[in-house]
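Here is the structure we will look at, set down as structure tokens.
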Amino acid sequence: MTRHRASLGNIDSGRRSRTPSDRIDHHAIGTRNGVRASAGAAALCAIAAGPVAGGQLVLLGKPLGGLIGVPGAVVGYIVLTAAVLGLLVAALWLWRLRSAAGTASACGVLAGFAVIVAGAVDSVVVFTIAVLVAGAATGPLLAVGRALAFDLGRGGLVRVHAAAMVGMAAAAWLAGRYYADPGGGLIIAGALTSVLGLATGLLARRGVGALPPVRRAAIGVGVRSALPGYLAAGIAIGGATLPALHLLLFRWNEFGAAQCMWLSIAAAPAVVAIIVPRRRPDAVPVLLILAAGGMVLVATAPGPATLIIGLALTLSAGTRAVTTLDEGVCLSLVRAERTAAAGVTAAVAALSGVAALGVVDLLGRLIGAGSALTVSALCVLVVVWSAVRSGARQRMRTAVEGGVS
């Protein structure tokens with residue numbers, strides 16, 4: 001029930017006011033609740049299409065390849081192509097973003113249907129087309145979902161980040177559960193995505209407005225100063241997750257479904273790390289150093305349990321650092337500037353993660369996966385050191401200029 005506030009003229013008596021302005025405020029509150037509900041549904045739809053469905057496509061490459069009659073590496077190339085296509089479509093859409101909820105709803109339904117088709121067919125041609133369509137639709141869905149998450153404010157950001165890590169753990173669990181039947185997990189994820197897409201569209205009818213047009217000037221000093229943090233977090237998370245599973249595969253012969261279950265266990269602590277309060281911006285460098293330390297622990301782990309501890313440390317510290325950075329960026333900008341900031345910061349993190357995965361894979365063929373992970377951890381430390389040094393130099397320059405003036 002909505003609590004009515006006393007009007008200014010009636011404040012001494014304390015009696016409840018029932019003026020037309022209260023009815024307008026009540027309507028505004030209802031509209032605002034509708035906006036938040038549709039924004040939350042859009043963010044959950046993006047998580048279902050991204051971490052849940054996309055994560056399964058990555059983890060189930062080998063059994064999916066057997067299902068459609070191609071090597072597992074080919075499935076990986078198809079998924080990578082779909083991811084690149086999604087990034088390109090998201091980048092093109094970002095500068096033409098208008099109807100946020102409508103975009104999320106349409107893309108969610110399309111992506112979910114395409115994932116269902118990919119899980120249900122055994123033809124390589126149909127599977128490829130379905131995955132590419134899903135990737136193209138998921139790109140703008142993720143962009144809109146993240147922009148709407150920024151629009152929800154600090155509490156909404158924390159919940160969305162925690163839900164994304166739950167989605168990653170769910171993807172790993174579903175991949176392990178349906179490893180012998182890889183299409184089953186994809187069908188579940190696709191159905192969930194489509195349902196959430198429909199829910200977004202229905203909730204949007206309660207009054208959600210369009211996101212403001214992108215303002216390129218929004219990428220100011222505050223956003224640019226946070227980009228090294230997103231870069232370092234992307235390198236740590238992207239460069240450690242899949243290589244850790246490969247180390248599980250080749251060092252201790254934890255084949256198939258066991259790898260996925262280990263990843264699900266490693267992702268669980270990250271949810272707790274995200275929701276723990278008192279996230280401080282000055283703790284971001286420390287968190288990123290811890291994430292790099294987790295990479296080194298993965299590289300040198302003497303057994304599966306130690307490796308999973310290292311991966312959990314990297315995921316927990318990296319995701320908490322990203323959540324803290326998002327809060328700082330979101331709170332420092334007005335609403336009209338958040339859409340561009342949400343897209344640019346996400347692009348930096350995603351591209352650095354994909355690049356780190358590629359570098360670790362290539363270096364791993366030359367010097368071994370463990371050594372490649374150690375090199376990536378050093379890259380994270382270099383980025384953090386450079387950012388901290390640049391920030392200290394900027395603060396010193398500002399202090400000197402203030403003293404002179």
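Convention: chains lettered A, B, ... in structure tokens order; per-chain residue numbering from 1; ligands numbered from 1 as shown.
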With 8 Å as the cut-off and only C-alpha atoms counted, what is the closest atom pair between each nearby residue of region 147-247 of chain A and region 99-123 of chain A? Distances in Å to one decimal, ordered by chain and number, as a Markdown table.
```
| residue | atom | partner | partner_atom | distance |
| --- | --- | --- | --- | --- |
| A:Leu148 | CA | A:Ala100 | CA | 7.8 |
| A:Pro182 | CA | A:Gly119 | CA | 7.1 |
| A:Gly183 | CA | A:Gly119 | CA | 3.9 |
| A:Gly184 | CA | A:Gly119 | CA | 6.6 |
| A:Gly185 | CA | A:Gly119 | CA | 7.7 |
| A:Leu186 | CA | A:Gly119 | CA | 5.1 |
| A:Ile187 | CA | A:Ile116 | CA | 4.5 |
| A:Ile188 | CA | A:Ile116 | CA | 7.7 |
| A:Ala189 | CA | A:Gly112 | CA | 7.4 |
| A:Gly190 | CA | A:Gly112 | CA | 4.0 |
| A:Ala191 | CA | A:Gly112 | CA | 5.9 |
| A:Leu192 | CA | A:Gly112 | CA | 7.3 |
| A:Thr193 | CA | A:Gly112 | CA | 4.8 |
| A:Ser194 | CA | A:Val109 | CA | 4.2 |
| A:Val195 | CA | A:Val109 | CA | 7.3 |
| A:Leu196 | CA | A:Gly108 | CA | 7.2 |
| A:Gly197 | CA | A:Ser105 | CA | 4.3 |
| A:Leu198 | CA | A:Ser105 | CA | 5.9 |
| A:Ala199 | CA | A:Ser105 | CA | 7.7 |
| A:Thr200 | CA | A:Ser105 | CA | 5.4 |
| A:Gly201 | CA | A:Ser105 | CA | 5.1 |
| A:Ala204 | CA | A:Ala101 | CA | 6.0 |
| A:Val208 | CA | A:Ala101 | CA | 7.1 |
| A:Gly209 | CA | A:Ser99 | CA | 7.2 |
| A:Ala210 | CA | A:Ser99 | CA | 4.6 |
| A:Leu211 | CA | A:Ala100 | CA | 5.7 |
```
* Between A:Gly370, A:Gly328, A:Gly229, A:Gly353, which is the closest to Ser386 (chain A) once you count only C-alpha atoms? ->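 Closest residue, counting only C-alpha atoms: A:Gly229.
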* Which polymer residues have any atom within 12 Å of an atom of region 90-95 of chain A, counting only C-alpha atoms, with same-chain residues fewer than 6 positions away left out, as number ranges by chain? -> A: 83-84, 103-104, 107, 135-147, 211-216, 338-344, 346-348
Go through region 130-299 of chain A and collect every residue that DSSP, computed from the backbone, puts in helix (DSSP H, G or I); the answer should be as a compact mmCIF listing (two decimals) with C-alpha atoms, in the first residue's frame.
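Generated file (selection23.txt):
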```txt
# COMPACT_ATOMS: atom_id res chain seq x y z
CA ALA A 130 20.85 -20.31 -35.07
CA VAL A 131 23.97 -19.52 -33.03
CA LEU A 132 24.83 -16.54 -35.25
CA VAL A 133 21.29 -15.19 -34.99
CA ALA A 134 21.40 -15.65 -31.22
CA GLY A 135 24.72 -13.80 -31.05
CA ALA A 136 23.45 -10.91 -33.18
CA ALA A 137 20.32 -10.55 -31.02
CA THR A 138 22.18 -10.95 -27.73
CA GLY A 139 24.55 -8.05 -28.49
CA PRO A 140 21.99 -5.24 -28.28
CA LEU A 141 20.14 -7.14 -25.54
CA LEU A 142 23.23 -7.06 -23.35
CA ALA A 143 23.85 -3.39 -24.18
CA VAL A 144 20.28 -2.42 -23.28
CA GLY A 145 20.27 -4.63 -20.19
CA ARG A 146 23.45 -3.04 -18.87
CA ALA A 147 22.23 0.49 -19.66
CA LEU A 148 18.99 -0.21 -17.81
CA ALA A 149 20.96 -1.66 -14.91
CA PHE A 150 22.87 1.63 -14.72
CA ASP A 151 19.51 3.38 -14.69
CA GLY A 153 21.17 2.98 -9.49
CA ARG A 154 23.56 1.46 -6.95
CA GLY A 155 21.26 -1.19 -5.50
CA GLY A 156 20.12 -2.31 -8.94
CA LEU A 157 23.70 -2.62 -10.16
CA VAL A 158 24.67 -4.84 -7.24
CA ARG A 159 21.68 -7.11 -7.76
CA VAL A 160 22.31 -7.38 -11.49
CA HIS A 161 26.00 -8.25 -10.99
CA ALA A 162 25.10 -10.86 -8.39
CA ALA A 163 22.46 -12.30 -10.72
CA ALA A 164 25.03 -12.47 -13.53
CA MET A 165 27.35 -14.56 -11.39
CA VAL A 166 24.44 -16.78 -10.38
CA GLY A 167 23.78 -17.14 -14.11
CA MET A 168 27.38 -18.18 -14.70
CA ALA A 169 27.15 -20.79 -11.94
CA ALA A 170 23.81 -21.97 -13.35
CA ALA A 171 25.32 -22.29 -16.83
CA ALA A 172 28.14 -24.44 -15.47
CA TRP A 173 25.69 -26.58 -13.49
CA LEU A 174 23.38 -27.06 -16.48
CA ALA A 175 26.34 -27.90 -18.71
CA GLY A 176 27.47 -30.56 -16.24
CA ARG A 177 23.95 -31.86 -15.72
CA PRO A 182 23.80 -30.94 -24.55
CA GLY A 183 20.66 -29.78 -26.28
CA GLY A 184 18.59 -30.07 -23.09
CA GLY A 185 20.40 -27.33 -21.21
CA LEU A 186 20.30 -25.01 -24.22
CA ILE A 187 16.56 -25.50 -24.62
CA ILE A 188 16.02 -24.61 -20.95
CA ALA A 189 18.16 -21.47 -21.26
CA GLY A 190 16.49 -20.45 -24.52
CA ALA A 191 13.02 -20.89 -23.07
CA LEU A 192 13.96 -18.83 -20.01
CA THR A 193 15.34 -16.06 -22.25
CA SER A 194 12.19 -15.94 -24.36
CA VAL A 195 9.91 -15.87 -21.31
CA LEU A 196 11.88 -13.02 -19.76
CA GLY A 197 11.82 -11.19 -23.09
CA LEU A 198 8.03 -11.44 -23.20
CA ALA A 199 7.82 -10.33 -19.55
CA THR A 200 9.95 -7.29 -20.36
CA GLY A 201 7.58 -6.28 -23.13
CA LEU A 202 4.50 -6.74 -20.96
CA LEU A 203 5.96 -4.83 -18.03
CA ALA A 204 7.06 -2.04 -20.36
CA ARG A 216 29.57 10.98 -26.73
CA ALA A 217 30.71 13.80 -24.46
CA ALA A 218 29.69 11.56 -21.56
CA VAL A 221 37.67 12.16 -17.41
CA GLY A 222 35.81 10.17 -14.76
CA VAL A 223 34.88 7.37 -17.15
CA ARG A 224 38.29 7.34 -18.83
CA SER A 225 40.06 7.08 -15.48
CA ALA A 226 38.02 3.93 -14.70
CA LEU A 227 38.78 2.17 -18.00
CA PRO A 228 42.14 0.68 -16.84
CA GLY A 229 40.25 -1.06 -14.04
CA TYR A 230 37.81 -2.61 -16.52
CA LEU A 231 40.76 -3.57 -18.72
CA ALA A 232 42.58 -5.32 -15.87
CA ALA A 233 39.43 -7.08 -14.65
CA GLY A 234 38.67 -8.31 -18.16
CA ILE A 235 42.18 -9.70 -18.54
CA ALA A 236 41.97 -11.49 -15.19
CA ILE A 237 38.51 -13.01 -15.58
CA GLY A 238 38.68 -13.75 -19.29
CA GLY A 239 42.23 -15.02 -19.19
CA ALA A 240 41.74 -17.35 -16.22
CA THR A 241 38.32 -19.03 -16.49
CA LEU A 242 38.57 -21.30 -19.53
CA PRO A 243 42.34 -21.92 -19.23
CA ALA A 244 41.70 -23.10 -15.68
CA LEU A 245 39.25 -25.68 -17.01
CA HIS A 246 41.80 -26.79 -19.58
CA LEU A 247 44.35 -27.23 -16.81
CA LEU A 248 41.81 -29.36 -14.96
CA LEU A 249 41.42 -31.42 -18.11
CA PHE A 250 45.07 -32.00 -18.92
CA ARG A 251 46.71 -32.09 -15.49
CA TRP A 252 44.33 -34.29 -13.57
CA ALA A 257 30.92 -32.81 -16.69
CA ALA A 258 33.35 -32.63 -13.76
CA GLN A 259 34.96 -29.49 -15.21
CA CYS A 260 31.61 -27.72 -15.37
CA MET A 261 30.76 -28.61 -11.79
CA TRP A 262 34.12 -27.27 -10.59
CA LEU A 263 33.40 -23.97 -12.36
CA SER A 264 29.98 -23.79 -10.72
CA ILE A 265 31.63 -24.20 -7.31
CA ALA A 266 34.24 -21.52 -8.12
CA ALA A 267 31.60 -18.99 -9.21
CA ALA A 268 29.53 -19.27 -6.02
CA PRO A 269 31.85 -17.20 -3.74
CA ALA A 270 31.82 -14.37 -6.28
CA VAL A 271 28.11 -13.83 -5.60
CA VAL A 272 28.88 -13.26 -1.90
CA ALA A 273 31.82 -11.00 -2.76
CA ILE A 274 29.57 -8.79 -4.88
CA ILE A 275 26.80 -8.27 -2.33
CA PRO A 281 36.85 2.87 -4.91
CA ASP A 282 40.30 3.01 -3.35
CA ALA A 283 40.12 -0.78 -2.81
CA VAL A 284 39.88 -1.50 -6.57
CA PRO A 285 43.68 -1.75 -7.12
CA VAL A 286 43.95 -4.18 -4.20
CA LEU A 287 41.10 -6.28 -5.59
CA LEU A 288 42.74 -6.42 -9.01
CA ILE A 289 46.05 -7.46 -7.45
CA LEU A 290 44.18 -10.25 -5.65
CA ALA A 291 42.63 -11.28 -8.97
CA ALA A 292 46.12 -11.49 -10.48
CA GLY A 293 47.24 -13.54 -7.49
CA GLY A 294 44.39 -15.95 -8.15
CA MET A 295 45.67 -16.38 -11.71
CA VAL A 296 49.12 -17.27 -10.41
CA LEU A 297 47.56 -19.76 -7.99
CA VAL A 298 45.68 -21.33 -10.90
CA ALA A 299 48.91 -21.54 -12.89
```
* Could you check which of A:Cys379, A:Ala350, A:Leu373, A:Val322 is closest to Ala301 (chain A), using only C-alpha atoms? =>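 Under the stated criterion, the closest residue is A:Leu373.
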* **Atomic separation - CA of Leu313 (chain A) relative to CA of Ala42 (chain A), Å** => 29.1 Å
* In Å to one decimal, how far is CA of Ala372 (chain A) from CA of Val360 (chain A)? -> 5.2 Å
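Reported to one decimal place, the separation of CA of Leu363 (chain A) from CA of Leu307 (chain A) is 19.6 Å.
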